[in-house]
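Undergrad: Enclosed is the structure file start_15.cif (mmCIF, C-alpha atoms).
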data_input
#
loop_
_atom_site.label_atom_id
_atom_site.label_comp_id
_atom_site.auth_asym_id
_atom_site.auth_seq_id
_atom_site.Cartn_x
_atom_site.Cartn_y
_atom_site.Cartn_z
CA MET A 1 20.33 -0.02 -8.20
CA TYR A 2 16.67 -0.32 -7.21
CA ARG A 3 14.99 -3.45 -8.52
CA PRO A 4 11.21 -3.16 -8.11
CA LEU A 5 9.47 -5.99 -6.32
CA HIS A 6 6.80 -7.76 -8.32
CA THR A 7 3.29 -6.59 -7.44
CA SER A 8 1.11 -9.53 -8.38
CA ASP A 9 0.61 -12.97 -6.91
CA PRO A 10 -0.51 -15.31 -9.74
CA GLY A 11 0.13 -18.39 -7.60
CA PRO A 12 3.01 -19.92 -5.66
CA VAL A 13 5.82 -17.38 -5.66
CA PRO A 14 9.08 -18.85 -6.98
CA ALA A 15 12.21 -18.71 -4.85
CA ASP A 16 13.86 -16.09 -7.06
CA GLY A 17 13.88 -13.09 -4.74
CA SER A 18 10.25 -12.22 -5.41
CA PRO A 19 8.16 -11.36 -2.33
CA ARG A 20 6.24 -13.82 -0.23
CA PRO A 21 2.53 -14.09 -1.10
CA GLU A 22 1.34 -11.84 1.75
CA LEU A 23 3.73 -9.07 0.70
CA ALA A 24 2.93 -9.53 -2.98
CA ASN A 25 -0.76 -9.07 -2.15
CA ALA A 26 0.05 -5.98 -0.09
CA LEU A 27 2.05 -4.42 -2.93
CA ALA A 28 -0.76 -5.03 -5.38
CA GLY A 29 -3.21 -3.63 -2.83
CA ALA A 30 -1.12 -0.48 -2.37
CA ARG A 31 -1.15 0.15 -6.11
CA ARG A 32 -4.90 -0.33 -6.31
CA ARG A 33 -5.44 1.99 -3.36
CA ALA A 34 -3.29 4.69 -4.95
CA GLN A 35 -5.30 4.42 -8.16
CA ARG A 36 -8.58 4.70 -6.26
CA ASP A 37 -7.22 7.72 -4.39
CA GLY A 38 -6.33 9.36 -7.69
CA ASP A 39 -2.64 9.54 -6.77
CA GLY A 40 0.01 9.28 -9.44
CA GLN A 41 2.28 7.24 -7.20
CA ALA A 42 1.78 4.74 -4.40
CA ASP A 43 3.45 6.16 -1.30
CA THR A 44 4.56 4.74 2.04
CA ALA A 45 1.15 5.37 3.63
CA HIS A 46 -0.45 3.26 0.89
CA LEU A 47 2.12 0.55 1.61
CA LEU A 48 1.49 0.69 5.36
CA HIS A 49 -2.27 0.51 4.88
CA ALA A 50 -1.97 -2.48 2.56
CA LEU A 51 0.49 -4.24 4.89
CA LEU A 52 -1.90 -3.96 7.81
CA GLU A 53 -4.73 -5.31 5.66
CA HIS A 54 -2.88 -8.20 4.02
CA ASP A 55 -0.01 -9.27 6.27
CA PRO A 56 -0.80 -10.70 9.74
CA ALA A 57 2.89 -10.65 10.73
CA SER A 58 3.06 -6.88 10.20
CA ARG A 59 -0.12 -6.36 12.20
CA GLU A 60 1.34 -8.52 14.96
CA ALA A 61 4.50 -6.41 15.07
CA VAL A 62 2.53 -3.17 15.41
CA ASP A 63 0.07 -4.65 17.89
CA ALA A 64 2.89 -5.98 20.08
CA CYS A 65 4.24 -2.44 20.53
CA GLU A 66 1.05 -1.15 22.14
CA GLN A 67 1.41 0.02 25.71
CA GLY A 68 -2.10 -0.22 27.03
CA GLY A 69 -3.61 1.81 24.18
CA GLU A 70 -5.49 1.22 20.96
CA GLN A 71 -2.77 2.30 18.58
CA LEU A 72 -3.50 -0.31 15.92
CA VAL A 73 -7.17 0.65 15.76
CA LYS A 74 -6.28 4.35 15.72
CA LEU A 75 -3.72 3.75 12.99
CA LEU A 76 -6.21 1.94 10.79
CA GLY A 77 -8.79 4.62 11.52
CA LEU A 78 -6.44 7.32 10.27
CA LEU A 79 -5.49 5.34 7.18
CA VAL A 80 -9.09 4.72 6.09
CA GLN A 81 -9.77 8.46 6.44
CA ARG A 82 -7.06 9.43 3.99
CA ASN A 83 -9.50 10.82 1.41
CA ILE A 84 -11.50 12.89 3.88
CA GLY A 85 -8.98 13.98 6.47
CA TYR A 86 -5.36 14.92 6.93
CA GLY A 87 -4.26 12.89 3.88
CA LEU A 88 -5.88 15.40 1.54
CA LYS A 89 -2.76 17.56 1.85
CA TRP A 90 -0.81 14.78 0.13
CA HIS A 91 -3.06 14.59 -2.91
CA GLY A 92 -1.20 15.46 -6.09
CA SER A 93 2.18 15.83 -4.35
CA VAL A 94 5.30 13.65 -4.48
CA GLU A 95 6.49 11.90 -1.34
CA ASP A 96 10.22 12.46 -1.34
CA SER A 97 11.20 12.50 2.37
CA GLY A 98 13.23 15.67 1.87
CA ALA A 99 14.97 14.58 -1.31
CA VAL A 100 14.59 16.19 -4.71
CA PRO A 101 11.13 15.19 -6.05
CA MET A 102 11.37 12.55 -8.73
CA ALA A 103 8.95 11.37 -11.41
CA ARG A 104 9.22 7.58 -11.35
CA SER A 105 7.98 5.30 -14.09
CA ASP A 106 7.37 2.32 -11.79
CA GLY A 107 4.46 3.87 -9.88
CA TRP A 108 6.17 4.16 -6.48
CA SER A 109 7.06 7.37 -4.70
CA PRO A 110 10.80 7.86 -4.06
CA ALA A 111 10.32 7.13 -0.36
CA ALA A 112 8.28 4.00 -1.13
CA ALA A 113 10.96 2.81 -3.54
CA GLU A 114 13.60 3.26 -0.83
CA ALA A 115 11.52 1.21 1.61
CA LEU A 116 11.08 -1.55 -0.98
CA GLU A 117 14.81 -1.64 -1.63
CA ALA A 118 15.49 -1.79 2.11
CA ALA A 119 13.06 -4.73 2.37
CA ARG A 120 14.89 -6.59 -0.38
CA LYS A 121 18.28 -6.00 1.22
CA ARG A 122 16.99 -7.11 4.62
CA ALA A 123 15.66 -10.35 3.14
CA ASP A 124 18.82 -10.90 1.09
CA GLY A 125 20.84 -10.60 4.28
CA ARG A 126 19.23 -13.74 5.68
CA GLY A 127 19.02 -15.52 2.31
CA ASP A 128 15.24 -15.27 2.13
CA ARG A 129 12.45 -13.70 0.10
CA PRO A 130 11.06 -10.33 1.22
CA ALA A 131 8.20 -10.58 3.72
CA GLY A 132 5.83 -8.04 5.23
CA PRO A 133 8.01 -7.29 8.29
CA ASP A 134 10.92 -6.53 5.94
CA LEU A 135 8.92 -3.79 4.27
CA LEU A 136 7.58 -2.54 7.61
CA ALA A 137 11.17 -2.23 8.82
CA GLY A 138 12.00 -0.28 5.67
CA LEU A 139 9.11 2.10 6.35
CA VAL A 140 9.98 2.81 10.00
CA ALA A 141 13.62 3.39 9.06
CA ASP A 142 12.61 6.63 7.32
CA PRO A 143 11.47 9.13 9.99
CA GLU A 144 10.28 11.60 7.35
CA CYS A 145 8.02 9.32 5.34
CA ARG A 146 4.22 9.50 5.34
CA ALA A 147 3.83 6.06 6.91
CA VAL A 148 5.80 7.19 9.97
CA GLU A 149 3.80 10.43 10.13
CA VAL A 150 0.57 8.41 10.35
CA MET A 151 2.04 6.04 12.93
CA GLU A 152 3.14 8.92 15.11
CA ARG A 153 -0.32 10.51 14.89
CA ALA A 154 -1.80 7.20 16.04
CA GLY A 155 0.60 7.01 19.00
CA VAL A 156 2.69 4.11 17.68
CA ASP A 157 6.17 4.16 19.22
CA ARG A 158 8.33 4.14 16.08
CA GLU A 159 11.58 3.48 17.92
CA LEU A 160 10.08 0.56 19.86
CA LEU A 161 8.70 -0.88 16.63
CA ARG A 162 12.04 -0.41 14.89
CA ARG A 163 13.85 -2.27 17.67
CA ARG A 164 11.28 -5.05 17.71
CA LEU A 165 11.57 -5.56 13.97
CA GLY A 166 15.34 -5.70 14.37
CA THR A 167 15.21 -8.51 16.94
CA GLU A 168 12.15 -10.58 16.07
CA PRO A 169 12.75 -13.22 13.38
CA VAL A 170 10.54 -13.29 10.31
CA PRO A 171 8.21 -16.31 10.54
CA PRO A 172 9.40 -19.15 8.24
CA LEU A 173 7.45 -19.48 5.03
CA GLY A 174 4.47 -21.77 5.54
CA ASP A 175 4.47 -21.56 9.33
CA PRO A 176 1.34 -20.18 11.02
CA VAL A 177 1.53 -16.53 12.00
CA PRO A 178 0.53 -15.62 15.58
CA ARG A 179 -2.98 -14.22 15.83
CA VAL A 180 -3.45 -10.53 16.43
CA GLY A 181 -6.37 -10.43 18.82
CA GLU A 182 -9.31 -11.64 16.76
CA GLN A 183 -7.78 -10.43 13.48
CA ALA A 184 -6.05 -13.43 11.96
CA GLY A 185 -7.27 -12.79 8.41
CA PRO A 186 -7.88 -9.74 6.24
CA ILE A 187 -9.30 -6.76 8.08
CA ASP A 188 -12.95 -5.92 7.51
CA VAL A 189 -12.50 -2.26 6.59
CA SER A 190 -16.24 -1.67 6.30
CA ALA A 191 -16.78 -2.86 9.86
CA LEU A 192 -13.89 -0.69 11.02
CA ARG A 193 -15.46 2.35 9.35
CA ARG A 194 -18.77 1.68 11.11
CA GLU A 195 -17.04 1.26 14.48
CA LEU A 196 -15.11 4.50 14.06
CA GLY A 197 -18.02 6.40 12.54
CA VAL A 198 -15.97 7.19 9.44
CA PRO A 199 -17.91 8.40 6.37
CA LYS A 200 -17.48 6.55 3.11
CA ASP A 201 -14.72 7.67 0.75
CA ARG A 202 -15.50 10.12 -2.00
CA PRO A 203 -17.19 8.60 -5.10
CA GLY A 204 -14.83 6.50 -7.16
CA SER A 205 -12.33 5.94 -4.32
#
Since I need it in another form, could you write the structure as structure tokens?
TA:
Amino acid sequence: MYRPLHTSDPGPVPADGSPRPELANALAGARRRAQRDGDGQADTAHLLHALLEHDPASREAVDACEQGGEQLVKLLGLLVQRNIGYGLKWHGSVEDSGAVPMARSDGWSPAAAEALEAARKRADGRGDRPAGPDLLAGLVADPECRAVEVMERAGVDRELLRRRLGTEPVPPLGDPVPRVGEQAGPIDVSALRRELGVPKDRPGS
């Protein structure tokens, strides 16, 4: 049965199966982003966007799969355009990855809930707490989810990323995470918008 991951980070996260701080921040960020977008549920694209903003290990995994391109920048560019571009087709719809649409009371789309459950199982398998790469692996495991659709549009090699996530260990809690270019901390979305020439979101987003 699906057990939702906690979505807040009030302080040190206890070793009770709750997510690591970076993932907890990403989950909370995904919920906030969904609310700003006016969506009834946070979907896998919201999760991907929040992971790339809050979890350096997830950014490192995506960045390491680049093959001479700018896939990470393109991916972030697409995600910040959700309210003015292709993502408008998702507004008001349920992300179900081909399954029967469900109305969930926990605020996650069915596909997002499946990715969260996959993250928990992956972490349980190594006797650890869920981390960002666990959720990223859960996202790329579903070829029909919105997160994968955005990655493919940005030119990210999903299969290469899936294999990398399957072989690279999750950094131990408390150890420094490798830098991703010059982006070791949270991403400056405003600067990214200016660089890409992306208009501001609609009012209230």
Undergrad: Apply the PyMOL selection byres ((chain A and resi 45) around 10) to the displayed file and report the matching residues as a ChimeraX atom specification.
TA: /A:30,34,42-44,46-51,79,82,87,95,112,139,145-151
Undergrad: Restricting the output to C-alpha atoms, write the selected residues as a JSON list (two decimals), in the coordinates of the input.
TA:
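Writing the result to selection_26.json gives the following:
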[["chain", "number", "residue", "atom", "x", "y", "z"],
["A", 30, "ALA", "CA", -1.12, -0.48, -2.37],
["A", 34, "ALA", "CA", -3.29, 4.69, -4.95],
["A", 42, "ALA", "CA", 1.78, 4.74, -4.40],
["A", 43, "ASP", "CA", 3.45, 6.16, -1.30],
["A", 44, "THR", "CA", 4.56, 4.74, 2.04],
["A", 46, "HIS", "CA", -0.45, 3.26, 0.89],
["A", 47, "LEU", "CA", 2.12, 0.55, 1.61],
["A", 48, "LEU", "CA", 1.49, 0.69, 5.36],
["A", 49, "HIS", "CA", -2.27, 0.51, 4.88],
["A", 50, "ALA", "CA", -1.97, -2.48, 2.56],
["A", 51, "LEU", "CA", 0.49, -4.24, 4.89],
["A", 79, "LEU", "CA", -5.49, 5.34, 7.18],
["A", 82, "ARG", "CA", -7.06, 9.43, 3.99],
["A", 87, "GLY", "CA", -4.26, 12.89, 3.88],
["A", 95, "GLU", "CA", 6.49, 11.90, -1.34],
["A", 112, "ALA", "CA", 8.28, 4.00, -1.13],
["A", 139, "LEU", "CA", 9.11, 2.10, 6.35],
["A", 145, "CYS", "CA", 8.02, 9.32, 5.34],
["A", 146, "ARG", "CA", 4.22, 9.50, 5.34],
["A", 147, "ALA", "CA", 3.83, 6.06, 6.91],
["A", 148, "VAL", "CA", 5.80, 7.19, 9.97],
["A", 149, "GLU", "CA", 3.80, 10.43, 10.13],
["A", 150, "VAL", "CA", 0.57, 8.41, 10.35],
["A", 151, "MET", "CA", 2.04, 6.04, 12.93]]
Undergrad: Could you tell me how far CA of Leu75 (chain A) lies from CA of Ala123 (chain A), in Å and to one decimal?
TA: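 The value is 25.9 Å.
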Undergrad: Fewer than 6 positions away in the same chain doesn't count, so skip those; otherwise give me all residues within 10 Å of Lys121 (chain A), counting all atoms listed in the file, as a list in words.
TA: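 Once the adjacent positions are removed, what remains is Ala115, Gly127, Asp128, Arg129, Pro130, Asp134 and Gly138 of chain A.
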Undergrad: Mind telling me what the PyMOL selection byres ((chain A and resi 168) around 12) catches here, as a PyMOL selection string?
TA: chain A and resi 57-58+60-61+64+133-134+137+160-167+169-172
Undergrad: One number please: CA of Pro19 (chain A) to CA of Ala131 (chain A), in Å, one decimal.
TA: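 Here the two named atoms are 6.1 Å from each other.
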Undergrad: Just want the 8 Å neighbourhood of Asp63 (chain A), counted on only C-alpha atoms, with same-chain residues fewer than 3 positions away dropped. Output as a list in words.
TA: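 Near Asp63 (chain A), the qualifying residues are Arg59, Glu60, Glu66, Gln71, Leu72 and Val180 of chain A.
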Undergrad: Grab the CA of Arg20 (chain A) to CA of Asp142 (chain A) distance for me, in Å with one decimal place.
TA: 22.7 Å
Undergrad: Which one of A:Gln41, A:Asn25, A:Lys89, A:Gly155 sits closest to Pro110 (chain A) if you count all atoms listed in the file?
TA: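 Looking only at the distances to Pro110 (chain A), the closest residue turns out to be A:Gln41.
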Undergrad: From the list A:Ala119, A:Ala113, A:Val94, A:Ile84, which residue is nearest Leu136 (chain A) when using only C-alpha atoms?
TA: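 Between A:Ala119, A:Ala113, A:Val94, A:Ile84, the residue approaching Leu136 (chain A) most closely is A:Ala119.
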Undergrad: From the options A:Glu117, A:Glu144, A:Leu88, A:Ala24, which residue's atoms come nearest to Asp39 (chain A), counting only C-alpha atoms?
TA: A:Leu88
Undergrad: Kindly indicate which residue among A:Arg120, A:Arg158, A:Arg126, A:Arg153 lies nearest to Ala141 (chain A), using only C-alpha atoms for the distances.
TA: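 Looking only at the distances to Ala141 (chain A), the closest residue turns out to be A:Arg158.
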